[in-house]
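Here's the structure, in structure tokens; my notes come after.
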Amino acid sequence: MSHELKFVNADATPKTEIIHVDAETLPRVMEWYGAFHAGDWYDVFIDGLKVAKDQNGALIGGVE
């Protein structure tokens, strides 16, 4: 199943990035984004819902 993954980053240009990924890939993409944008202030939304992440950008919890 494909999910919409949206990053809203106050420190980056562009401020919003939206990609579509499957559930298996989603956590790795979040971790990559967290590493690439380390130190930035950003939020992550999956299918329109804000999700929790740790200090490294890894998803806390799971994807349904």
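Labels used: A, B, ... for chains in the order of the structure tokens, numbers from 1 for residues in each chain, and numbers from 1 for ligands as shown.
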
Quiz item: Leaving out region 27-31 of chain A and any residue of its chain fewer than 5 positions from it, which residues lie within 12 Å of it when counting only C-alpha atoms, given as a ChimeraX atom specification?
Solution: /A:3-7,17-22,36-38,42-46,51-63

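Selecting strand (DSSP E or B) from the backbone DSSP output for region 5-37 of chain A yields A:Leu5, A:Lys6, A:Phe7, A:Val8, A:Asn9, A:Thr16, A:Glu17, A:Ile18, A:Ile19, A:His20, A:Val21, A:Asp22.
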
Practice problem: From a DSSP calculation on the backbone, collect every residue of chain A in helix (DSSP H, G or I) and output the set as a ChimeraX atom specification. | Solution: /A:26-36

Practice problem: Please indicate the distance in Å from CA of Ala12 (chain A) to CA of Asp40 (chain A), rounded to one decimal place. | Solution: 7.6 Å

Quiz item: CA of Ser2 (chain A) and CA of Ala23 (chain A) are how many Å apart?
Solution: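 We find that CA of Ser2 (chain A) and CA of Ala23 (chain A) lie 6.7 Å from each other.
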
Quiz item: How many Å lie between CA of Asn9 (chain A) and CA of Glu24 (chain A), rounded to one decimal?
Solution: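 So the answer is 23.2 Å.
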